[in-house]
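File shown here: model_33.cif, holding mmCIF, C-alpha atoms.
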```cif
data_start
#
loop_
_atom_site.group_PDB
_atom_site.id
_atom_site.type_symbol
_atom_site.label_atom_id
_atom_site.label_comp_id
_atom_site.auth_asym_id
_atom_site.auth_seq_id
_atom_site.Cartn_x
_atom_site.Cartn_y
_atom_site.Cartn_z
ATOM 1 C CA MET A 1 0.000 0.000 0.000
ATOM 2 C CA SER A 2 1.301 3.465 -0.816
ATOM 3 C CA THR A 3 1.786 6.152 1.812
ATOM 4 C CA SER A 4 1.683 9.918 1.456
ATOM 5 C CA VAL A 5 5.088 11.501 2.168
ATOM 6 C CA ASN A 6 6.100 15.150 2.371
ATOM 7 C CA SER A 7 9.626 15.795 1.090
ATOM 8 C CA THR A 8 11.972 18.081 3.016
ATOM 9 C CA PRO A 9 11.814 21.606 1.510
ATOM 10 C CA VAL A 10 15.144 23.061 0.403
ATOM 11 C CA ASN A 11 15.549 26.791 -0.406
ATOM 12 C CA GLU A 12 18.146 28.437 -2.681
ATOM 13 C CA LYS A 13 20.354 29.462 0.251
ATOM 14 C CA ASP A 14 20.489 25.860 1.454
ATOM 15 C CA GLU A 15 21.321 24.697 -2.067
ATOM 16 C CA GLN A 16 24.374 26.999 -2.110
ATOM 17 C CA VAL A 17 25.545 25.745 1.296
ATOM 18 C CA PHE A 18 25.064 22.153 0.219
ATOM 19 C CA GLN A 19 27.403 22.634 -2.723
ATOM 20 C CA ASP A 20 30.296 22.940 -0.250
ATOM 21 C CA LEU A 21 29.518 19.576 1.384
ATOM 22 C CA LYS A 22 30.707 16.167 0.296
ATOM 23 C CA LEU A 23 27.709 14.143 -0.820
ATOM 24 C CA LEU A 24 26.890 10.572 0.155
ATOM 25 C CA ASN A 25 28.096 7.870 -2.203
ATOM 26 C CA ALA A 26 25.094 6.290 -3.922
ATOM 27 C CA VAL A 27 24.340 3.856 -6.717
ATOM 28 C CA ASN A 28 21.308 4.064 -8.965
ATOM 29 C CA ASP A 29 18.602 1.427 -8.619
ATOM 30 C CA ARG A 30 16.400 0.174 -11.479
ATOM 31 C CA TYR A 31 13.427 2.326 -10.542
ATOM 32 C CA GLY A 32 14.752 5.867 -10.673
ATOM 33 C CA GLY A 33 16.062 5.928 -7.126
ATOM 34 C CA VAL A 34 19.370 5.607 -5.308
ATOM 35 C CA ILE A 35 20.867 3.225 -2.750
ATOM 36 C CA VAL A 36 23.311 4.380 -0.092
ATOM 37 C CA GLU A 37 25.320 1.996 2.068
ATOM 38 C CA VAL A 38 27.052 3.769 4.935
ATOM 39 C CA ARG A 39 30.499 2.226 5.386
ATOM 40 C CA GLU A 40 32.374 4.793 7.495
ATOM 41 C CA ALA A 41 31.782 6.200 10.955
ATOM 42 C CA MET A 42 30.407 9.738 10.966
ATOM 43 C CA ASP A 43 29.227 12.345 13.455
ATOM 44 C CA SER A 44 25.420 12.399 13.470
ATOM 45 C CA ALA A 45 25.182 16.181 13.022
ATOM 46 C CA LEU A 46 27.551 16.076 10.060
ATOM 47 C CA PHE A 47 25.644 13.139 8.611
ATOM 48 C CA GLY A 48 22.409 15.128 8.821
ATOM 49 C CA SER A 49 23.955 18.016 6.879
ATOM 50 C CA VAL A 50 25.461 15.724 4.249
ATOM 51 C CA LEU A 51 22.167 13.883 3.921
ATOM 52 C CA ARG A 52 20.253 17.128 3.306
ATOM 53 C CA ALA A 53 22.787 18.136 0.657
ATOM 54 C CA SER A 54 22.544 14.728 -0.978
ATOM 55 C CA ILE A 55 18.744 14.853 -1.066
ATOM 56 C CA ALA A 56 18.939 18.283 -2.733
ATOM 57 C CA GLN A 57 21.258 16.850 -5.372
ATOM 58 C CA TRP A 58 19.072 13.790 -5.950
ATOM 59 C CA ARG A 59 15.997 16.001 -6.235
ATOM 60 C CA HIS A 60 17.780 18.094 -8.866
ATOM 61 C CA GLN A 61 18.613 14.879 -10.736
ATOM 62 C CA GLY A 62 14.966 13.796 -10.675
ATOM 63 C CA LYS A 63 15.520 10.820 -8.395
ATOM 64 C CA LYS A 64 12.592 9.215 -6.592
ATOM 65 C CA GLY A 65 13.199 6.709 -3.824
ATOM 66 C CA VAL A 66 16.214 6.797 -1.518
ATOM 67 C CA TRP A 67 17.390 3.706 0.365
ATOM 68 C CA ILE A 68 19.948 3.952 3.169
ATOM 69 C CA LYS A 69 21.490 0.783 4.531
ATOM 70 C CA LEU A 70 22.874 1.450 8.005
ATOM 71 C CA PRO A 71 25.095 -1.280 9.478
ATOM 72 C CA ILE A 72 24.521 -1.847 13.180
ATOM 73 C CA GLN A 73 27.825 -0.174 14.093
ATOM 74 C CA HIS A 74 26.490 3.115 12.664
ATOM 75 C CA VAL A 75 23.265 3.138 14.685
ATOM 76 C CA ASN A 76 24.117 6.660 15.908
ATOM 77 C CA LEU A 77 22.993 7.984 12.494
ATOM 78 C CA VAL A 78 19.416 6.689 12.700
ATOM 79 C CA GLU A 79 17.974 9.716 14.501
ATOM 80 C CA ALA A 80 19.509 12.141 12.000
ATOM 81 C CA ALA A 81 17.990 10.220 9.088
ATOM 82 C CA VAL A 82 14.560 10.084 10.718
ATOM 83 C CA LYS A 83 14.643 13.821 11.335
ATOM 84 C CA GLU A 84 15.148 14.307 7.579
ATOM 85 C CA GLY A 85 11.989 12.323 6.835
ATOM 86 C CA PHE A 86 13.311 8.778 6.463
ATOM 87 C CA TRP A 87 11.314 5.865 7.857
ATOM 88 C CA PHE A 88 12.177 2.291 8.776
ATOM 89 C CA HIS A 89 11.649 -0.239 6.016
ATOM 90 C CA HIS A 90 13.131 -3.435 7.467
ATOM 91 C CA ALA A 91 15.853 -4.692 9.758
ATOM 92 C CA GLU A 92 18.213 -7.657 9.721
ATOM 93 C CA PRO A 93 20.589 -8.796 12.480
ATOM 94 C CA ASN A 94 23.418 -6.606 11.191
ATOM 95 C CA TYR A 95 21.746 -3.625 9.517
ATOM 96 C CA LEU A 96 18.726 -1.325 9.337
ATOM 97 C CA MET A 97 17.226 -0.212 6.014
ATOM 98 C CA LEU A 98 15.614 3.224 5.866
ATOM 99 C CA CYS A 99 13.819 4.830 2.944
ATOM 100 C CA TYR A 100 12.636 8.215 1.718
ATOM 101 C CA TRP A 101 10.507 9.497 -1.163
ATOM 102 C CA ILE A 102 11.627 12.675 -2.911
ATOM 103 C CA PRO A 103 8.683 13.587 -5.207
ATOM 104 C CA GLU A 104 5.584 15.179 -3.744
ATOM 105 C CA GLY A 105 2.602 12.914 -3.184
ATOM 106 C CA THR A 106 2.173 9.196 -2.716
ATOM 107 C CA HIS A 107 5.222 6.971 -2.735
ATOM 108 C CA THR A 108 5.445 3.731 -4.711
ATOM 109 C CA LEU A 109 8.236 2.032 -2.766
ATOM 110 C CA PRO A 110 7.685 -1.701 -2.187
ATOM 111 C CA ALA A 111 6.596 -2.749 1.277
ATOM 112 C CA ASN A 112 8.669 -4.938 3.546
ATOM 113 C CA ALA A 113 8.276 -8.721 3.222
ATOM 114 C CA SER A 114 4.725 -9.536 4.273
ATOM 115 C CA HIS A 115 4.673 -13.323 4.729
ATOM 116 C CA ARG A 116 6.363 -16.056 6.710
ATOM 117 C CA ILE A 117 6.578 -19.474 5.029
ATOM 118 C CA GLY A 118 6.153 -22.716 6.961
ATOM 119 C CA ILE A 119 5.817 -26.427 6.225
ATOM 120 C CA SER A 120 4.073 -29.418 7.745
ATOM 121 C CA ALA A 121 5.421 -32.859 6.812
ATOM 122 C CA PHE A 122 3.107 -35.808 6.178
ATOM 123 C CA VAL A 123 5.432 -38.817 6.353
ATOM 124 C CA VAL A 124 3.683 -42.177 6.085
ATOM 125 C CA ASN A 125 5.217 -45.657 5.848
ATOM 126 C CA GLU A 126 4.060 -48.923 4.265
ATOM 127 C CA LYS A 127 2.259 -49.879 7.487
ATOM 128 C CA ARG A 128 0.064 -46.792 7.113
ATOM 129 C CA GLU A 129 1.767 -45.269 10.121
ATOM 130 C CA VAL A 130 2.401 -41.532 10.209
ATOM 131 C CA LEU A 131 5.429 -39.826 11.746
ATOM 132 C CA VAL A 132 4.340 -37.581 14.622
ATOM 133 C CA VAL A 133 5.895 -35.485 17.376
ATOM 134 C CA GLN A 134 4.964 -33.813 20.649
ATOM 135 C CA GLU A 135 6.534 -30.398 21.109
ATOM 136 C CA SER A 136 8.282 -29.354 24.313
ATOM 137 C CA THR A 137 7.904 -25.614 23.618
ATOM 138 C CA GLY A 138 5.242 -23.307 22.197
ATOM 139 C CA ARG A 139 1.469 -23.582 22.271
ATOM 140 C CA PHE A 140 1.453 -27.384 22.209
ATOM 141 C CA GLN A 141 3.801 -27.812 25.168
ATOM 142 C CA GLY A 142 2.255 -30.135 27.750
ATOM 143 C CA THR A 143 -0.969 -30.713 25.778
ATOM 144 C CA GLY A 144 -0.259 -34.314 24.798
ATOM 145 C CA VAL A 145 -1.152 -33.508 21.174
ATOM 146 C CA TRP A 146 0.620 -35.551 18.502
ATOM 147 C CA LYS A 147 1.236 -33.508 15.352
ATOM 148 C CA PHE A 148 3.123 -33.676 12.070
ATOM 149 C CA PRO A 149 6.681 -32.283 12.091
ATOM 150 C CA THR A 150 6.525 -28.589 11.229
ATOM 151 C CA GLY A 151 8.886 -25.670 10.797
ATOM 152 C CA VAL A 152 9.769 -22.434 9.052
ATOM 153 C CA VAL A 153 11.487 -22.209 5.669
ATOM 154 C CA ASN A 154 14.827 -20.447 6.028
ATOM 155 C CA GLU A 155 15.929 -17.547 3.852
ATOM 156 C CA GLY A 156 17.231 -18.895 0.539
ATOM 157 C CA GLU A 157 15.862 -22.384 1.229
ATOM 158 C CA ASP A 158 13.504 -24.284 -1.088
ATOM 159 C CA ILE A 159 10.229 -25.554 0.334
ATOM 160 C CA CYS A 160 11.101 -29.128 -0.590
ATOM 161 C CA ALA A 161 14.490 -28.874 1.151
ATOM 162 C CA ALA A 162 12.953 -27.279 4.247
ATOM 163 C CA ALA A 163 10.490 -30.144 4.662
ATOM 164 C CA VAL A 164 13.242 -32.774 4.474
ATOM 165 C CA ARG A 165 15.411 -30.771 6.895
ATOM 166 C CA GLU A 166 12.683 -30.249 9.483
ATOM 167 C CA VAL A 167 11.796 -33.958 9.577
ATOM 168 C CA LYS A 168 15.457 -34.867 9.986
ATOM 169 C CA GLU A 169 15.998 -32.309 12.744
ATOM 170 C CA GLU A 170 12.922 -33.250 14.774
ATOM 171 C CA THR A 171 12.908 -37.035 14.338
ATOM 172 C CA ALA A 172 16.248 -38.098 12.748
ATOM 173 C CA VAL A 173 14.253 -39.837 9.984
ATOM 174 C CA ASP A 174 15.604 -39.467 6.433
ATOM 175 C CA THR A 175 12.987 -38.667 3.805
ATOM 176 C CA LYS A 176 12.438 -37.927 0.144
ATOM 177 C CA PHE A 177 10.195 -35.015 -0.799
ATOM 178 C CA ILE A 178 7.289 -36.083 -3.028
ATOM 179 C CA GLU A 179 4.904 -33.156 -3.409
ATOM 180 C CA ILE A 180 2.948 -30.286 -1.907
ATOM 181 C CA LEU A 181 -0.560 -31.477 -1.062
ATOM 182 C CA ALA A 182 -2.120 -28.141 -0.102
ATOM 183 C CA PHE A 183 -1.389 -24.759 1.425
ATOM 184 C CA ARG A 184 -3.108 -22.421 3.862
ATOM 185 C CA GLN A 185 -2.807 -18.640 4.236
ATOM 186 C CA ILE A 186 -3.665 -16.623 7.346
ATOM 187 C CA HIS A 187 -3.123 -12.991 8.310
ATOM 188 C CA LYS A 188 -2.053 -11.124 11.435
ATOM 189 C CA ALA A 189 0.113 -14.019 12.623
ATOM 190 C CA LEU A 190 3.611 -13.671 14.150
ATOM 191 C CA PHE A 191 4.584 -9.967 14.368
ATOM 192 C CA ASP A 192 1.326 -9.165 12.528
ATOM 193 C CA LYS A 193 2.704 -10.720 9.329
ATOM 194 C CA SER A 194 0.729 -13.043 7.082
ATOM 195 C CA ASP A 195 1.621 -16.729 7.098
ATOM 196 C CA ILE A 196 1.616 -19.356 4.330
ATOM 197 C CA PHE A 197 1.782 -22.970 5.432
ATOM 198 C CA PHE A 198 2.502 -25.824 2.989
ATOM 199 C CA LEU A 199 1.326 -29.372 3.682
ATOM 200 C CA CYS A 200 3.998 -31.636 2.171
ATOM 201 C CA LEU A 201 4.103 -35.350 1.415
ATOM 202 C CA LEU A 202 7.422 -37.086 2.089
ATOM 203 C CA GLU A 203 8.517 -40.691 1.644
ATOM 204 C CA PRO A 204 10.505 -42.190 4.543
ATOM 205 C CA LEU A 205 13.959 -43.536 3.671
ATOM 206 C CA SER A 206 14.696 -44.734 7.215
ATOM 207 C CA SER A 207 12.548 -45.832 10.148
ATOM 208 C CA GLU A 208 14.462 -45.332 13.396
ATOM 209 C CA VAL A 209 13.158 -42.343 15.324
ATOM 210 C CA GLN A 210 15.274 -40.174 17.606
ATOM 211 C CA LYS A 211 13.672 -37.025 18.977
ATOM 212 C CA GLN A 212 15.323 -33.636 18.900
ATOM 213 C CA GLU A 213 16.348 -32.782 22.463
ATOM 214 C CA THR A 214 15.828 -29.014 22.364
ATOM 215 C CA GLU A 215 12.283 -28.707 20.975
ATOM 216 C CA ILE A 216 10.659 -32.155 20.835
ATOM 217 C CA GLU A 217 9.184 -33.977 23.840
ATOM 218 C CA ALA A 218 8.520 -37.236 21.988
ATOM 219 C CA ALA A 219 8.468 -38.640 18.451
ATOM 220 C CA LYS A 220 7.167 -41.909 17.025
ATOM 221 C CA TRP A 221 5.317 -43.732 14.260
ATOM 222 C CA MET A 222 1.566 -43.788 14.941
ATOM 223 C CA PRO A 223 -1.253 -45.581 13.081
ATOM 224 C CA PHE A 224 -2.949 -42.960 10.946
ATOM 225 C CA GLU A 225 -6.394 -43.809 12.352
ATOM 226 C CA GLU A 226 -5.077 -43.185 15.870
ATOM 227 C CA TYR A 227 -3.707 -39.796 14.797
ATOM 228 C CA LYS A 228 -7.029 -38.980 13.162
ATOM 229 C CA ALA A 229 -9.007 -39.915 16.288
ATOM 230 C CA GLN A 230 -7.270 -37.388 18.550
ATOM 231 C CA PRO A 231 -9.842 -34.975 20.064
ATOM 232 C CA PHE A 232 -7.682 -32.003 19.054
ATOM 233 C CA VAL A 233 -7.687 -33.134 15.410
ATOM 234 C CA GLN A 234 -11.424 -33.769 15.409
ATOM 235 C CA LYS A 235 -12.120 -30.380 16.987
ATOM 236 C CA HIS A 236 -10.461 -28.202 14.339
ATOM 237 C CA GLU A 237 -11.739 -27.863 10.770
ATOM 238 C CA LEU A 238 -8.271 -27.243 9.303
ATOM 239 C CA LEU A 239 -6.875 -30.461 10.785
ATOM 240 C CA LYS A 240 -9.871 -32.453 9.600
ATOM 241 C CA ASP A 241 -9.301 -31.066 6.103
ATOM 242 C CA ILE A 242 -5.656 -32.123 6.323
ATOM 243 C CA VAL A 243 -6.695 -35.626 7.351
ATOM 244 C CA ASP A 244 -9.104 -35.871 4.401
ATOM 245 C CA ILE A 245 -6.428 -34.702 1.966
ATOM 246 C CA CYS A 246 -3.848 -37.147 3.314
ATOM 247 C CA LEU A 247 -6.290 -40.055 3.192
ATOM 248 C CA ALA A 248 -7.319 -39.187 -0.369
ATOM 249 C CA LYS A 249 -3.666 -39.118 -1.381
ATOM 250 C CA LYS A 250 -2.921 -42.491 0.186
ATOM 251 C CA ASP A 251 -5.980 -43.982 -1.531
ATOM 252 C CA GLY A 252 -4.834 -42.691 -4.917
ATOM 253 C CA ASN A 253 -7.641 -40.159 -5.310
ATOM 254 C CA TYR A 254 -5.646 -36.942 -5.060
ATOM 255 C CA SER A 255 -2.751 -35.324 -6.906
ATOM 256 C CA GLY A 256 -0.549 -32.660 -5.389
ATOM 257 C CA PHE A 257 2.168 -30.404 -6.763
ATOM 258 C CA SER A 258 5.619 -31.842 -7.460
ATOM 259 C CA PRO A 259 8.811 -29.745 -7.614
ATOM 260 C CA VAL A 260 10.154 -29.420 -11.156
ATOM 261 C CA PRO A 261 13.559 -27.718 -11.638
ATOM 262 C CA THR A 262 13.476 -24.705 -13.942
ATOM 263 C CA THR A 263 15.109 -21.342 -14.622
ATOM 264 C CA SER A 264 13.594 -17.906 -15.102
ATOM 265 C CA ALA A 265 14.278 -14.454 -16.497
ATOM 266 C CA PHE A 266 15.249 -13.335 -12.986
ATOM 267 C CA SER A 267 18.020 -15.883 -12.409
ATOM 268 C CA ASP A 268 20.008 -18.536 -14.253
ATOM 269 C CA GLU A 269 20.164 -20.599 -11.072
ATOM 270 C CA LYS A 270 17.895 -23.607 -10.799
ATOM 271 C CA ASN A 271 14.673 -23.053 -8.884
ATOM 272 C CA PHE A 272 11.476 -25.026 -8.538
ATOM 273 C CA MET A 273 8.055 -24.739 -10.124
ATOM 274 C CA TYR A 274 5.487 -26.801 -8.210
ATOM 275 C CA PHE A 275 2.612 -28.205 -10.250
ATOM 276 C CA ASN A 276 0.421 -31.244 -10.868
ATOM 277 C CA THR A 277 2.711 -33.308 -13.061
ATOM 278 C CA THR A 278 0.352 -36.300 -13.016
ATOM 279 C CA ASP A 279 -2.491 -34.610 -14.875
ATOM 280 C CA LEU A 280 -0.142 -32.533 -17.025
ATOM 281 C CA ASN A 281 1.653 -35.640 -18.295
ATOM 282 C CA GLY A 282 -1.546 -37.638 -18.650
ATOM 283 C CA GLN A 283 -0.494 -40.313 -16.203
#
```
Step by step, read the file and then write its structure as structure tokens.
Amino acid sequence: MSTSVNSTPVNEKDEQVFQDLKLLNAVNDRYGGVIVEVREAMDSALFGSVLRASIAQWRHQGKKGVWIKLPIQHVNLVEAAVKEGFWFHHAEPNYLMLCYWIPEGTHTLPANASHRIGISAFVVNEKREVLVVQESTGRFQGTGVWKFPTGVVNEGEDICAAAVREVKEETAVDTKFIEILAFRQIHKALFDKSDIFFLCLLEPLSSEVQKQETEIEAAKWMPFEEYKAQPFVQKHELLKDIVDICLAKKDGNYSGFSPVPTTSAFSDEKNFMYFNTTDLNGQ
């Protein structure tokens, strides 16, 4: 969503003063703006003056958005940037990104990342037993609820790789990713961000279970009907839907989305397109 921003006014006298100041080093982005990465320590008052001079120059050049990447060691410059009209865009462990809109009116800068991505792993063996865990932390701590292994996809990690990793971490069971069976989206979740959760089917490659000590209270293979009969599962519509999907898949009446390696115009590196290969290939 766009936000109305008032640019800092600069008069002719200020423009003359600014000509005597060294401007901030910046690189052009693809959208008519500039990106500044602060690399050297600087007094906050001096930084404020240099920033005003730089904005005047960028305005004269017809620039639009301004991005300033402030490493954590230069946190003393945040207040000066905010006083010039910058606002927080996002933060990482080692830096803060601030942004500013030079033209009058509504800005068109992209918003910060809006979603968190998670997975739930449906791992079922030839005995029709499903791999389940009890968590020792979080909302399920002490409830006695058996659930599928779940987790969050890391930055730069593929969904299929995250599912295999989470199962290995929580249960020590090796698996092969088969397909995405379904996904669910909710809003106003952790830190008020939206959340997308992928239900994944995995094939077990080993059977011995060893629980993760830090987060898992117990882990085991459980008959699917026993998992299904849990009061907690029967109480919640989402979990009942998951059970129906998993049963349909095991009975051969459902096709999910398999990962197919591909490339795109954005990158020559291999990535994955997930789609229903069964129907597409006429199998």
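You can rank A:His90, A:Lys249, A:Lys147, A:Lys240 by their closest distance to Val130 (chain A) using all atoms listed in the file, and at the top of that list sits A:Lys147.
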Handout entry: Distance criterion (only C-alpha atoms): nearest to Cys160 (chain A) out of A:Ser258, A:Ser114, A:Thr143, A:Thr214
Key = A:Ser258
Exercise for the section: Could you please determine the separation between CA of Leu202 (chain A) and CA of Val123 (chain A) in Å, to one decimal place? Expected result: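 Taking CA of Leu202 (chain A) and CA of Val123 (chain A), their separation equals 5.0 Å.
Distance annotation: of A:Glu166, A:Leu201, A:Ala218, A:Ala189, the residue with the minimal separation from Ser136 (chain A) is A:Ala218; atom set is all atoms listed in the file.
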Problem - Neighbour residues at most 12 Å from (15.3, -37.1, 3.8) (all atoms listed in the file) as a PyMOL selection string - result: chain A and resi 121+123+160-178+201-207
Practice task
Quick one: everything within 12 Å of Ala41 (chain A), counting all atoms listed in the file, minus sequence neighbours fewer than 3 positions away in the same chain. Send it as a PyMOL selection string.
Solution key: chain A and resi 37-38+44+46-47+70-77
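Residues matched by the PyMOL selection byres ((chain A and resi 65) around 6) in this file are Gly33, Lys64, Val66, Tyr100 and Trp101 of chain A.
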Handout entry: Pairwise distance for CA of Phe224 (chain A) and CA of Ile196 (chain A), rounded to one decimal in Å
Key =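 The value is 24.9 Å.
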Exercise for the section: Have a look at A:Leu98, A:Ala229, A:Ala219, A:Ile159 and name the one nearest to Glu79 (chain A); count only C-alpha atoms. Expected result: A:Leu98
Problem - Proximity to Val36 (chain A) - best of A:Ala182, A:Ala91, A:Leu24, A:Leu238, only C-alpha atoms - result: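 Answer, going by the shortest atom-to-atom distance: A:Leu24.
Listed by chain and then by number, the residues chosen by the PyMOL selection byres ((chain A and resi 83) around 12) in this file are Ser7, Thr8, Ser44, Ala45, Phe47, Gly48, Ser49, Leu51, Arg52, Leu77, Val78, Glu79, Ala80, Ala81, Val82, Glu84, Gly85, Phe86, Trp87, Leu98 and Tyr100 of chain A.
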Practice task
Provide the CA of Cys200 (chain A) to CA of Leu181 (chain A) distance in Å, to one decimal place.
Solution key: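 Atom-to-atom, CA of Cys200 (chain A) and CA of Leu181 (chain A) are spaced 5.6 Å apart.
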Handout entry: Top pick for closest residue to Val133 (chain A), considering A:Ile119, A:Asn112, A:Glu157, A:Gln210 and counting all atoms listed in the file
Key =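 Comparing A:Ile119, A:Asn112, A:Glu157, A:Gln210 against Val133 (chain A), the winner is A:Gln210.
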Please, what is the axis-aligned box for every listed atom of region 138-153 of chain A with 5 Å on each side, as centre and edge lengths in Å to one decimal, as JSON?
```
{"center_x": 5.2, "center_y": -28.9, "center_z": 16.7, "size_x": 22.6, "size_y": 23.3, "size_z": 32.1}
```
Practice task
To verify the selection step, state as number ranges by chain which residues the PyMOL selection byres ((chain A and resi 242) around 10) yields on this input.
Solution key: A: 122, 181-183, 199, 228, 233, 237-241, 243-248
